[in-house]
Amino acid sequence: MSSPKIVNGSGGYILQDVPHLIDYLPDLPTYQNPLKDNPAYSVVKQYFVDTEDTVPEKIIVHKDGPRGIHFRRAGPRQKVYFESDEVHACIVTCGGLCPGLNTVIRELVSSLSYMYGVKRILGIDGGYKGFYAKNTIPLNSKVVNDIHKRGGTIIGTSRGGHDTTKIVDSIQDRGINQVYIIGGDGTQRGASKIYEEIRRRGLKVAVVGIPKTIDNDIPVIDRSFGFDTAVEEAQRAINAAHVEAESNENGIGFVKLMGRHSGFIAMYATLASRDVDCCLIPESPFYLEGEGGLFEYIEKRLKEHGHMVIVLAEGAGQEMMSKSMESNTLEDASGNKLLKDVGLWLSQSIKDHFKKIKMVMNLKYIDPTYMIRAIPSNAADNVYCTLLAQSAVHGAMAGYTGYTSGLVHGRQTYIPFYRITEKQNKVVITDRMWARLLSSTNQPSFLGPKDISEAKKEKAPPTDGEICNGVVDIPPVTKEITK
Ligand SMILES: Nc1ncnc2c1ncn2[C@@H]1O[C@H](COP(=O)(O)OP(=O)(O)OP(=O)(O)O)[C@@H](O)[C@H]1O
Ligand SMILES: O=P(O)(O)OC[C@H]1O[C@](O)(CO)[C@@H](O)[C@@H]1O
Ligand SMILES: [Mg+2]
């Protein structure tokens with residue numbers, strides 16, 4: 001693996017920079033950015049981003065604290081490393097669906113064609129394996145004109161089938177020199193390997209990741225596109241659960257939402273709804289029986305209100321369920337562990353409990369899993385997708401490579417792959433947001449002192465000057481800023 005590019009400045013300033021084609025092809029010629037003559041842009045004051053602009057990872061600072069880690073600010077540069085006619089771009093979507101995939105594809109095509117005059121753009125059919133196992137799909141602004149109104153991805157997606165050598169062979173054989181890869185944590189790991197192989201072969205090919213995950217489990221970035229839409233769509237299921245619960249004696253509306261390892265959708269859908277009395281996520285352990293357990297809380301809530309709504313993330317309570325069922329080690333084609341249906345198991349356990357204590361209860365189980373991700377993105381996500389795609393294209397045209405384009409504190413940035421793939425973003429149950437949810441639902445935390453100390457340990461704060469989260473085992477290439 002190539003070494004991370006780290007730039008150290010004064011006051012503890014650290015730039016975790018992204019690679020550039022000239023790092024291994026130093027003699028590449030540059031060209032004037034064609035946007036200079038574009039009437040839509042030439043009137044914008046300071047349209048081109050200053051190459052010194054960077055965005056801090058942490059915006060809460062203390063008077064004497066170090067300035068900390070920064071990322072390169074995204075946007076158009078004065079100089080580009082590709083001529084319009086020379087560009088041959090491709091776009092691939094991998095992993096599960098997510099609202100907004102088509103919008104990103106559309107905006108990548110529009111940005112390449114309208115801003116940079118690129119004419120050759122290919123869609124790779126059906127994810128990574130499409131590079132070597134399928135024909136390509138020619139894309140232009142006409143083909144993608146109204147695709148943002150549809151859910152899914154017009155070029156198809158898949159899990160598994162990543163073969164770095166075959167993929168890079170295909171890129172080289174087809175003469176592709178800009179690769180836009182839209183996908184989640186697994187996809188970005190694959191993108192990083194493609195970048196390394198391209199660099200090893202010394203090819204003038206920019207590799208750009210665009211983070212996609214319905215679970216919002218990609219670190220560093222503010223949130224992933226489509227997340228907002230998914231949370232909004234989840235409201236419809238929660239509303240239905242509430243109506244059912246309210247209309248039945250001791251009614252329980254029970255909704256299962258996506259979230260294998262990260263409970264963000266469940267948490268935000270709960271906070272948005274206000275009808276939810278209990279939210280269960282993978283990060284927060286819970287138990288059923290006895291004092292302080294889930295059954296006790298449900299009984300109490302039903303006695304007080306006559307109904308309740310429970311929202312459950314699919315990854316919650318898996319360990320508990322495994323103890324009472326045969327162990328399951330199945331994996332999907334990408335190697336992700338396949339989870340058992342905790343919703344069915346938990347709703348049956350609740351029913352069994354109420355039968356045992358002879359209390360009337362009516363539980364309605366709603367599983368809108370795929371309905372929240374197989375829809376077009378909402379207005380806010382559409383805007384977000386547009387900015388992401390434009391930033392991705394500006395970066396590739398400017399010769400940057402080996403990066404993921406992402407929003408950090410509301411600013412578009414270029415983030416090196418190793419920061420995106422090093423860990424998953426999870427709900428931190430010792431943070432304020434989870435405390436806000438607990439006070440909104442009034443549910444018990446289900447935590448004992450041992451759980452709390454373990455949760456705190458998991459989130460040890462970085463020491464002063466330490467590269468927070470930037471755990472890399474390869475010696476970085478460092479540079480001091482002297483001015
Ligand atoms: N470590 C890895 N190295 C190379 N390729 C990988 C790696 N992990 C996953 N991939 C490839 O990336 C693609 C997508 O991976 P995966 O199915 O895990 O989805 P994802 O990108 O994590 O998206 P999501 O989980 O949000 O649906 C697959 O084609 C898979 O083979
Ligand atoms: O059934 P599929 O397409 O593999 O996707 C299911 C998974 O994809 C995700 O949306 C994202 O990883 C998970 O929340 C979910 O378990
Ligand atoms: Mg994933």
# chains A, B, ... in the order shown; residues from 1 in each chain; ligands from 1

$ residues_near_ligand --ligand "ligand 3" --cutoff "9 Å" --atoms "only C-alpha atoms and all ligand atoms" --output "ChimeraX atom specification"
/A:95-96,183-187,213,215,217-218,260,334,336,424

$ residues_near_ligand --ligand "ligand 1" --cutoff "10 Å" --atoms "only C-alpha atoms and all ligand atoms" --output "PyMOL selection string"
chain A and resi 93-98+126-130+157-164+181-194+211-218+224+259-260+332-337+421

$ write_last_selection --atoms "C-alpha atoms" --output "PDB file, in the first residue's frame"
ATOM      1  CA  THR A  93     -22.487   1.211  -8.285  1.00  0.00           C
ATOM      2  CA  CYS A  94     -21.861  -1.584  -5.757  1.00  0.00           C
ATOM      3  CA  GLY A  95     -23.487  -3.012  -2.606  1.00  0.00           C
ATOM      4  CA  GLY A  96     -27.092  -2.526  -1.453  1.00  0.00           C
ATOM      5  CA  LEU A  97     -29.480   0.026  -2.878  1.00  0.00           C
ATOM      6  CA  CYS A  98     -29.801   3.510  -1.470  1.00  0.00           C
ATOM      7  CA  GLY A 126     -23.975  -4.673 -12.208  1.00  0.00           C
ATOM      8  CA  GLY A 127     -21.215  -3.663  -9.806  1.00  0.00           C
ATOM      9  CA  TYR A 128     -17.544  -4.656  -9.674  1.00  0.00           C
ATOM     10  CA  LYS A 129     -17.982  -7.934 -11.537  1.00  0.00           C
ATOM     11  CA  GLY A 130     -19.462  -5.978 -14.464  1.00  0.00           C
ATOM     12  CA  THR A 157     -25.393  -3.269  -8.534  1.00  0.00           C
ATOM     13  CA  SER A 158     -24.106  -6.446  -6.903  1.00  0.00           C
ATOM     14  CA  ARG A 159     -22.256  -7.877  -3.945  1.00  0.00           C
ATOM     15  CA  GLY A 160     -19.089  -9.984  -4.223  1.00  0.00           C
ATOM     16  CA  GLY A 161     -17.055 -10.488  -7.379  1.00  0.00           C
ATOM     17  CA  HIS A 162     -14.275  -8.007  -6.665  1.00  0.00           C
ATOM     18  CA  ASP A 163     -11.189  -9.144  -8.556  1.00  0.00           C
ATOM     19  CA  THR A 164      -8.668  -6.310  -8.525  1.00  0.00           C
ATOM     20  CA  ILE A 181     -17.093   4.182  -7.697  1.00  0.00           C
ATOM     21  CA  ILE A 182     -20.319   4.612  -5.714  1.00  0.00           C
ATOM     22  CA  GLY A 183     -20.753   2.329  -2.722  1.00  0.00           C
ATOM     23  CA  GLY A 184     -20.472   1.597   0.974  1.00  0.00           C
ATOM     24  CA  ASP A 185     -17.602   0.534   3.207  1.00  0.00           C
ATOM     25  CA  GLY A 186     -16.916  -2.680   1.262  1.00  0.00           C
ATOM     26  CA  THR A 187     -16.988  -0.822  -2.040  1.00  0.00           C
ATOM     27  CA  GLN A 188     -14.554   1.827  -0.784  1.00  0.00           C
ATOM     28  CA  ARG A 189     -12.182  -0.944   0.349  1.00  0.00           C
ATOM     29  CA  GLY A 190     -12.389  -2.345  -3.168  1.00  0.00           C
ATOM     30  CA  ALA A 191     -11.821   1.148  -4.632  1.00  0.00           C
ATOM     31  CA  SER A 192      -8.688   1.537  -2.522  1.00  0.00           C
ATOM     32  CA  LYS A 193      -7.302  -1.733  -3.923  1.00  0.00           C
ATOM     33  CA  ILE A 194      -8.078  -0.616  -7.487  1.00  0.00           C
ATOM     34  CA  PRO A 211     -19.803   7.133  -0.254  1.00  0.00           C
ATOM     35  CA  LYS A 212     -23.154   5.354  -0.319  1.00  0.00           C
ATOM     36  CA  THR A 213     -24.755   3.671   2.651  1.00  0.00           C
ATOM     37  CA  ILE A 214     -28.311   3.638   3.845  1.00  0.00           C
ATOM     38  CA  ASP A 215     -27.049   2.694   7.315  1.00  0.00           C
ATOM     39  CA  ASN A 216     -24.940   5.896   7.607  1.00  0.00           C
ATOM     40  CA  ASP A 217     -22.082   3.682   8.798  1.00  0.00           C
ATOM     41  CA  ILE A 218     -19.276   5.432   6.875  1.00  0.00           C
ATOM     42  CA  SER A 224     -24.484   9.641   3.661  1.00  0.00           C
ATOM     43  CA  GLY A 259     -29.134  -1.117  10.332  1.00  0.00           C
ATOM     44  CA  ARG A 260     -26.886  -4.146  10.533  1.00  0.00           C
ATOM     45  CA  ASP A 332     -23.610 -12.774   1.609  1.00  0.00           C
ATOM     46  CA  ALA A 333     -21.449 -12.744  -1.555  1.00  0.00           C
ATOM     47  CA  SER A 334     -19.356  -9.871  -0.143  1.00  0.00           C
ATOM     48  CA  GLY A 335     -18.648 -11.693   3.114  1.00  0.00           C
ATOM     49  CA  ASN A 336     -21.085  -9.656   5.233  1.00  0.00           C
ATOM     50  CA  LYS A 337     -22.641 -11.792   7.946  1.00  0.00           C
ATOM     51  CA  THR A 421     -12.288   2.203   5.439  1.00  0.00           C
TER      52      THR A 421
END

$ select_by_dssp --residues "range 172-349 of chain A" --states "helix (DSSP H, G or I)" --output "PyMOL selection string"
chain A and resi 172-174+185-201+227-247+264-273+294-305+318-324+342-349

$ closest_residue --among "A:Arg432, A:His148, A:Lys340, A:Lys303" --to "ligand 2" --atoms "only C-alpha atoms and all ligand atoms"
A:Lys340

$ atom_distance --atom1 "CA of Gly100 in chain A" --atom2 "CA of Gly152 in chain A"
7.9 Å

$ closest_residue --among "A:Tyr13, A:Trp345, A:Tyr365, A:Tyr403" --to "Ile210 in chain A" --atoms "only C-alpha atoms"
A:Tyr403

$ select_by_dssp --residues "range 278-364 of chain A" --states "strand (DSSP E or B)" --output "JSON, numbers by chain"
{"A": [278, 279, 280, 307, 308, 309, 310, 311, 312, 313, 331, 337, 362, 363, 364]}

$ residues_around --residues "range 314-325 of chain A" --least-positions-apart "3" --cutoff "9 Å" --atoms "only C-alpha atoms" --output "PyMOL selection string"
chain A and resi 256-263+280-287+328+339-343+345-346+369

$ closest_residue --among "A:Cys385, A:Ala379, A:Ala230, A:Val255" --to "ligand 2" --atoms "only C-alpha atoms and all ligand atoms"
A:Ala230

$ atom_distance --atom1 "CA of Glu52 in chain A" --atom2 "CA of Ser391 in chain A"
16.5 Å

$ atom_distance --atom1 "CA of Arg301 in chain A" --atom2 "CA of Gln235 in chain A"
21.3 Å

$ closest_residue --among "A:Gly402, A:Gly226, A:Gly68, A:Gly290" --to "ligand 2" --atoms "only C-alpha atoms and all ligand atoms"
A:Gly226

$ closest_residue --among "A:Lys300, A:His305, A:Arg373, A:Lys426" --to "ligand 2" --atoms "only C-alpha atoms and all ligand atoms"
A:Arg373

$ residues_around --residues "Pro219 in chain A" --least-positions-apart "4" --cutoff "7 Å" --atoms "only C-alpha atoms" --output "VMD selection string"
chain A and resid 420 423 to 425

$ write_last_selection --atoms "C-alpha atoms" --output "short mmCIF file (atom, residue, chain, number, x, y, z; two decimals), in the first residue's frame"
data_model
loop_
_atom_site.label_atom_id
_atom_site.label_comp_id
_atom_site.auth_asym_id
_atom_site.auth_seq_id
_atom_site.Cartn_x
_atom_site.Cartn_y
_atom_site.Cartn_z
CA ILE A 420 -13.11 5.90 5.15
CA LYS A 423 -13.74 1.66 10.92
CA GLN A 424 -17.53 1.85 10.84
CA ASN A 425 -19.51 4.83 12.03
#

$ residues_around --residues "Arg419 in chain A" --least-positions-apart "2" --cutoff "8 Å" --atoms "only C-alpha atoms" --output "ChimeraX atom specification"
/A:219-220,415-417,421-423,469-470

$ residues_around --residues "Lys166 in chain A" --least-positions-apart "5" --cutoff "9 Å" --atoms "only C-alpha atoms" --output "list in words"
Lys129, Phe131, Tyr132 and Ile171 of chain A
